[in-house]
2 protein chains.
Amino acid sequence: MAGESTKGEQTRQLIVDTAVRLFGEQGYDKTTMRAIAAAAGVSVGNAYYYFPSKGHLVQAFYTTVQDAHADACRQALQAPGTFVDRLRAAMLTGVDVMVPYHDFAGSFFKTAAEPGSPLSPFSADSAPARERSVRMFRSVVDGATTKIDPELRAELPELLWLAQMGVTLYWVHDTSPGQAKTRLLVERAVPLIDRLAGMSRFRVFKPVMREILSLYRLLR
Amino acid sequence: MAGESTKGEQTRQLIVDTAVRLFGEQGYDKTTMRAIAAAAGVSVGNAYYYFPSKGHLVQAFYTTVQDAHADACRQALQAPGTFVDRLRAAMLTGVDVMVPYHDFAGSFFKTAAEPGSPLSPFSADSAPARERSVRMFRSVVDGATTKIDPELRAELPELLWLAQMGVTLYWVHDTSPGQAKTRLLVERAVPLIDRLAGMSRFRVFKPVMREILSLYRLLR
DNA sequence: CGCCCTTCTTGAACGTGTTCAACTACGACC
DNA sequence: GGTCGTAGTTGAACACGTTCAAGAAGGGCG
């Protein structure tokens, strides 16, 4: 897991660590490339030798947060349980883990939201992180004792990841203290999702769900 | 409606017109403030005397597009019809109107998506444009002959506006030729929305819908 | 050692959005 | 007519992200 120890790899790591620290301390916009380079004791150009842009330095930040989320979830998801409980655990720990970075995320969001950006959660560059997150939601679904339509169950992990992107979108714009409203959103949306998933087996609802799934597959 | 004709108002208009033209010709990023100022025959500082930032020059662009959309819809919404037909008309004309500006929207999107930005569709500054759009969706709903639960019907215009924001989000990221996938999304999502709206009167579904509406009201 | 090639590093320079102290134009009031 | 104050205007200057030609370090090979 630990990287090679060549000169370059060391410098690269030094720059990432410094950047992540400064991002956390001062936010994205206020942390200039010059400041990162100076704090790391290298030149500006050197930072650009390892990272094609300032935004790419944030991938490391992503990974850090995602690791924390994975750790926080592992314990909660160890034992099987109802779908509601598992989903709530996954999503709430997600919010918890992000809380310290709310300001940072706000200033960085515009970069990640840009259509062509490699930092967009939908981009090819983000595929590993995305797949990892989907895997986590798959384990949420797999360990769930609740009865769910098989076709929906297969697609659910990806849909839940999408839902989490939506929650994150709301969270970024949420200015309530401690992002309380986002928590409220999760608390109340999760049971709703559960109810809808349960209804997916009813006769009247099944064709609608099928249509939604087929549309989703077509457009993603 | 036409503005005053003071010196300042003239200059302001000149700058806006030039900016809108250049944005359309070259996109957002490639149109520099220096270029706008030069093409308008004023100094850079003068542009900043009237507009606090480059992004603010885009509000005029918004208004232009929205006017075009309103015009395109008026005719289609004149006569009453089914909910599906009216909603499809409203949303498809929305896409049509935006098509010429897809590249522009892509490069500008990051600015509008920023949480604190006055150009965010959720911001206070965008309230007039937002309310106008919601009004349009209200006329879509009001003229609809389809039976819809009254509580949902009251809230539906705002929800449809939100849906259109979602469509726009998809559209911005849609790289298919002519944004064909976005059209597909509208074509197939509209009947789905109609079906769900119709189901809202069923006994099993009503409490779920109530919960969704109450959650939405709480969090907006 | 001397040579060469790759890897790594530098800092000045470019073009950008934005700011600001200074300047001009012009209308109102004495 | 003269004077003053506001509205309008200027362009140099700033800080930023990014680029690039140039050089330094290091190591394999004769």
# chains A, B, ... in the order shown; residues from 1 in each chain; ligands from 1

$ select_by_dssp --residues "range 50-143 of chain A" --states "alpha helix (DSSP H)" --output "ChimeraX atom specification"
/A:50,58-78,83-98,102-113,127-142

$ interface_residues --of "chain B" --to "chain C" --cutoff "8 Å" --atoms "only C-alpha atoms (C1' of nucleotides)" --output "PyMOL selection string"
chain B and resi 32-33+53-54

$ residues_around --residues "Arg188 in chain B" --least-positions-apart "2" --cutoff "12 Å" --atoms "only C-alpha atoms (C1' of nucleotides)" --output "list in words"
Val208, Glu211, Ile212, Leu213, Ser214, Leu215, Tyr216, Leu218 and Leu219 of chain A; Val84, Leu87, Arg88, Met91, Leu92, Lys181, Thr182, Arg183, Leu184, Leu185, Val186, Val190, Pro191, Leu192, Ile193, Asp194 and Arg195 of chain B

$ closest_atom_pairs --of "chain A" --to "chain D" --cutoff "12 Å" --atoms "only C-alpha atoms (C1' of nucleotides)" --output "JSON lines"
{"residue": "A:Thr6", "atom": "CA", "partner": "D:DG26", "partner_atom": "C1'", "distance": 11.7}
{"residue": "A:Lys7", "atom": "CA", "partner": "D:DG26", "partner_atom": "C1'", "distance": 10.3}
{"residue": "A:Asp29", "atom": "CA", "partner": "D:DC16", "partner_atom": "C1'", "distance": 9.7}
{"residue": "A:Lys30", "atom": "CA", "partner": "D:DC16", "partner_atom": "C1'", "distance": 10.1}
{"residue": "A:Thr31", "atom": "CA", "partner": "D:DC16", "partner_atom": "C1'", "distance": 10.5}
{"residue": "A:Thr32", "atom": "CA", "partner": "D:DC16", "partner_atom": "C1'", "distance": 7.5}
{"residue": "A:Met33", "atom": "CA", "partner": "D:DG17", "partner_atom": "C1'", "distance": 7.5}
{"residue": "A:Arg34", "atom": "CA", "partner": "D:DC16", "partner_atom": "C1'", "distance": 9.2}
{"residue": "A:Ala35", "atom": "CA", "partner": "D:DC16", "partner_atom": "C1'", "distance": 11.2}
{"residue": "A:Val44", "atom": "CA", "partner": "D:DT18", "partner_atom": "C1'", "distance": 9.7}
{"residue": "A:Gly45", "atom": "CA", "partner": "D:DT19", "partner_atom": "C1'", "distance": 8.6}
{"residue": "A:Asn46", "atom": "CA", "partner": "D:DT19", "partner_atom": "C1'", "distance": 11.9}
{"residue": "A:Ala47", "atom": "CA", "partner": "D:DT18", "partner_atom": "C1'", "distance": 11.0}
{"residue": "A:Tyr48", "atom": "CA", "partner": "D:DT18", "partner_atom": "C1'", "distance": 8.4}
{"residue": "A:Tyr49", "atom": "CA", "partner": "D:DT19", "partner_atom": "C1'", "distance": 10.9}
{"residue": "A:Phe51", "atom": "CA", "partner": "D:DT18", "partner_atom": "C1'", "distance": 11.4}
{"residue": "A:Pro52", "atom": "CA", "partner": "D:DT18", "partner_atom": "C1'", "distance": 9.2}
{"residue": "A:Ser53", "atom": "CA", "partner": "D:DT18", "partner_atom": "C1'", "distance": 8.0}
{"residue": "A:Lys54", "atom": "CA", "partner": "D:DG17", "partner_atom": "C1'", "distance": 7.8}
{"residue": "A:Gly55", "atom": "CA", "partner": "D:DG17", "partner_atom": "C1'", "distance": 10.4}

$ interface_residues --of "chain A" --to "chain B" --cutoff "6 Å" --atoms "only C-alpha atoms" --output "ChimeraX atom specification"
/A:110,113-115,173

$ write_last_selection --atoms "N, CA, C and O atoms" --output "PDB file, in the first residue's frame"
ATOM      1  N   LYS A 110     -17.256  24.445  -6.872  1.00  0.00           N
ATOM      2  CA  LYS A 110     -17.385  24.941  -8.244  1.00  0.00           C
ATOM      3  C   LYS A 110     -16.421  24.221  -9.181  1.00  0.00           C
ATOM      4  O   LYS A 110     -16.724  23.988 -10.334  1.00  0.00           O
ATOM      5  N   ALA A 113     -17.792  20.696  -9.843  1.00  0.00           N
ATOM      6  CA  ALA A 113     -19.064  20.660 -10.549  1.00  0.00           C
ATOM      7  C   ALA A 113     -18.908  20.922 -12.041  1.00  0.00           C
ATOM      8  O   ALA A 113     -19.808  20.653 -12.815  1.00  0.00           O
ATOM      9  N   GLU A 114     -17.765  21.443 -12.421  1.00  0.00           N
ATOM     10  CA  GLU A 114     -17.556  21.767 -13.831  1.00  0.00           C
ATOM     11  C   GLU A 114     -17.647  20.499 -14.677  1.00  0.00           C
ATOM     12  O   GLU A 114     -17.055  19.481 -14.357  1.00  0.00           O
ATOM     13  N   PRO A 115     -18.420  20.578 -15.763  1.00  0.00           N
ATOM     14  CA  PRO A 115     -18.688  19.397 -16.591  1.00  0.00           C
ATOM     15  C   PRO A 115     -17.446  18.619 -17.017  1.00  0.00           C
ATOM     16  O   PRO A 115     -17.377  17.435 -16.820  1.00  0.00           O
ATOM     17  N   HIS A 173     -24.769  23.344   0.069  1.00  0.00           N
ATOM     18  CA  HIS A 173     -25.522  24.594   0.104  1.00  0.00           C
ATOM     19  C   HIS A 173     -26.192  24.842   1.449  1.00  0.00           C
ATOM     20  O   HIS A 173     -26.843  25.870   1.634  1.00  0.00           O
TER      21      HIS A 173
END

$ residues_around --residues "Ala70 in chain B" --least-positions-apart "3" --cutoff "10 Å" --atoms "only C-alpha atoms (C1' of nucleotides)" --output "list in words"
Val65, Gln66, Asp67, Cys73, Arg74, Gln75, Ala90, Thr93, Gly94, Val97, Arg132, Ser133 and Met136 of chain B

$ residues_around --residues "Ile15 in chain A" --least-positions-apart "2" --cutoff "12 Å" --atoms "only C-alpha atoms (C1' of nucleotides)" --output "ChimeraX atom specification"
/A:8-13,17-23,33-51,54,56-58,60

$ write_last_selection --atoms "N, CA, C and O atoms" --output "compact mmCIF listing (two decimals), in the first residue's frame"
# COMPACT_ATOMS: atom_id res chain seq x y z
N GLY A 8 11.31 11.29 -6.22
CA GLY A 8 10.10 11.90 -6.73
C GLY A 8 8.88 11.60 -5.88
O GLY A 8 8.08 12.49 -5.60
N GLU A 9 8.79 10.33 -5.49
CA GLU A 9 7.61 9.94 -4.71
C GLU A 9 7.57 10.67 -3.38
O GLU A 9 6.50 11.02 -2.89
N GLN A 10 8.74 10.90 -2.83
CA GLN A 10 8.81 11.64 -1.56
C GLN A 10 8.31 13.07 -1.74
O GLN A 10 7.52 13.57 -0.95
N THR A 11 8.84 13.71 -2.79
CA THR A 11 8.43 15.10 -3.04
C THR A 11 6.94 15.18 -3.29
O THR A 11 6.25 16.04 -2.75
N ARG A 12 6.46 14.24 -4.09
CA ARG A 12 5.03 14.22 -4.38
C ARG A 12 4.21 14.15 -3.11
O ARG A 12 3.25 14.89 -2.92
N GLN A 13 4.59 13.24 -2.24
CA GLN A 13 3.85 13.06 -1.00
C GLN A 13 3.93 14.32 -0.14
O GLN A 13 2.96 14.75 0.48
N ASP A 17 0.68 16.32 1.16
CA ASP A 17 0.44 16.50 2.59
C ASP A 17 0.31 17.97 2.95
O ASP A 17 -0.60 18.37 3.69
N THR A 18 1.23 18.76 2.42
CA THR A 18 1.19 20.19 2.70
C THR A 18 -0.11 20.80 2.18
O THR A 18 -0.77 21.58 2.88
N ALA A 19 -0.47 20.43 0.97
CA ALA A 19 -1.68 20.97 0.36
C ALA A 19 -2.91 20.61 1.19
O ALA A 19 -3.73 21.47 1.52
N VAL A 20 -3.02 19.33 1.54
CA VAL A 20 -4.17 18.88 2.32
C VAL A 20 -4.25 19.65 3.64
O VAL A 20 -5.32 20.09 4.06
N ARG A 21 -3.09 19.83 4.28
CA ARG A 21 -3.08 20.56 5.55
C ARG A 21 -3.56 22.00 5.35
O ARG A 21 -4.45 22.47 6.06
N LEU A 22 -3.00 22.67 4.36
CA LEU A 22 -3.37 24.07 4.14
C LEU A 22 -4.84 24.21 3.70
O LEU A 22 -5.52 25.13 4.12
N PHE A 23 -5.29 23.28 2.85
CA PHE A 23 -6.70 23.31 2.46
C PHE A 23 -7.58 23.26 3.70
O PHE A 23 -8.55 24.01 3.83
N MET A 33 -1.24 28.27 -4.75
CA MET A 33 -0.19 27.35 -5.15
C MET A 33 1.16 27.83 -4.64
O MET A 33 2.02 27.02 -4.26
N ARG A 34 1.34 29.14 -4.63
CA ARG A 34 2.60 29.68 -4.09
C ARG A 34 2.76 29.34 -2.62
O ARG A 34 3.86 29.02 -2.16
N ALA A 35 1.66 29.43 -1.89
CA ALA A 35 1.71 29.12 -0.46
C ALA A 35 2.02 27.65 -0.23
O ALA A 35 2.84 27.30 0.63
N ILE A 36 1.38 26.79 -1.01
CA ILE A 36 1.64 25.36 -0.88
C ILE A 36 3.12 25.07 -1.16
O ILE A 36 3.79 24.39 -0.39
N ALA A 37 3.60 25.63 -2.28
CA ALA A 37 5.00 25.39 -2.65
C ALA A 37 5.94 25.90 -1.56
O ALA A 37 6.87 25.20 -1.15
N ALA A 38 5.68 27.10 -1.09
CA ALA A 38 6.55 27.69 -0.06
C ALA A 38 6.55 26.84 1.20
O ALA A 38 7.60 26.54 1.77
N ALA A 39 5.35 26.44 1.65
CA ALA A 39 5.24 25.67 2.88
C ALA A 39 5.91 24.30 2.73
O ALA A 39 6.41 23.73 3.71
N ALA A 40 5.89 23.78 1.52
CA ALA A 40 6.51 22.48 1.29
C ALA A 40 8.01 22.62 1.01
O ALA A 40 8.72 21.63 0.93
N GLY A 41 8.44 23.86 0.82
CA GLY A 41 9.86 24.09 0.56
C GLY A 41 10.29 23.71 -0.84
O GLY A 41 11.43 23.34 -1.08
N VAL A 42 9.36 23.80 -1.80
CA VAL A 42 9.70 23.54 -3.20
C VAL A 42 9.26 24.74 -4.04
O VAL A 42 8.68 25.69 -3.52
N SER A 43 9.53 24.67 -5.32
CA SER A 43 9.10 25.76 -6.20
C SER A 43 7.71 25.48 -6.75
O SER A 43 7.23 24.35 -6.72
N VAL A 44 7.07 26.55 -7.23
CA VAL A 44 5.74 26.40 -7.80
C VAL A 44 5.75 25.41 -8.95
O VAL A 44 4.90 24.53 -9.03
N GLY A 45 6.72 25.58 -9.82
CA GLY A 45 6.80 24.71 -10.98
C GLY A 45 6.92 23.25 -10.59
O GLY A 45 6.40 22.37 -11.28
N ASN A 46 7.56 23.00 -9.51
CA ASN A 46 7.74 21.62 -9.05
C ASN A 46 6.40 20.98 -8.70
O ASN A 46 6.16 19.81 -9.01
N ALA A 47 5.54 21.74 -8.08
CA ALA A 47 4.21 21.23 -7.76
C ALA A 47 3.49 20.84 -9.05
O ALA A 47 2.83 19.81 -9.12
N TYR A 48 3.69 21.66 -10.09
CA TYR A 48 3.02 21.39 -11.37
C TYR A 48 3.68 20.24 -12.12
O TYR A 48 3.15 19.75 -13.10
N TYR A 49 4.87 19.87 -11.71
CA TYR A 49 5.50 18.71 -12.32
C TYR A 49 4.76 17.44 -11.89
O TYR A 49 4.65 16.49 -12.65
N TYR A 50 4.20 17.47 -10.68
CA TYR A 50 3.54 16.27 -10.16
C TYR A 50 2.02 16.33 -10.32
O TYR A 50 1.36 15.31 -10.43
N PHE A 51 1.47 17.55 -10.30
CA PHE A 51 0.01 17.68 -10.40
C PHE A 51 -0.35 18.67 -11.49
O PHE A 51 0.11 19.81 -11.46
N LYS A 54 -4.27 22.72 -9.70
CA LYS A 54 -4.57 22.85 -8.27
C LYS A 54 -5.68 21.88 -7.86
O LYS A 54 -5.63 21.28 -6.78
N HIS A 56 -6.33 19.01 -8.92
CA HIS A 56 -5.91 17.61 -8.77
C HIS A 56 -5.35 17.32 -7.39
O HIS A 56 -5.29 16.18 -6.97
N LEU A 57 -4.91 18.37 -6.72
CA LEU A 57 -4.40 18.16 -5.36
C LEU A 57 -5.51 17.76 -4.40
O LEU A 57 -5.25 17.28 -3.30
N VAL A 58 -6.73 17.94 -4.85
CA VAL A 58 -7.86 17.67 -3.96
C VAL A 58 -8.27 16.20 -3.98
O VAL A 58 -8.90 15.71 -3.06
N ALA A 60 -6.50 13.86 -3.33
CA ALA A 60 -5.96 13.31 -2.09
C ALA A 60 -6.90 13.58 -0.93
O ALA A 60 -7.10 12.73 -0.05

$ atom_distance --atom1 "CA of Phe61 in chain B" --atom2 "CA of Pro100 in chain B"
12.2 Å
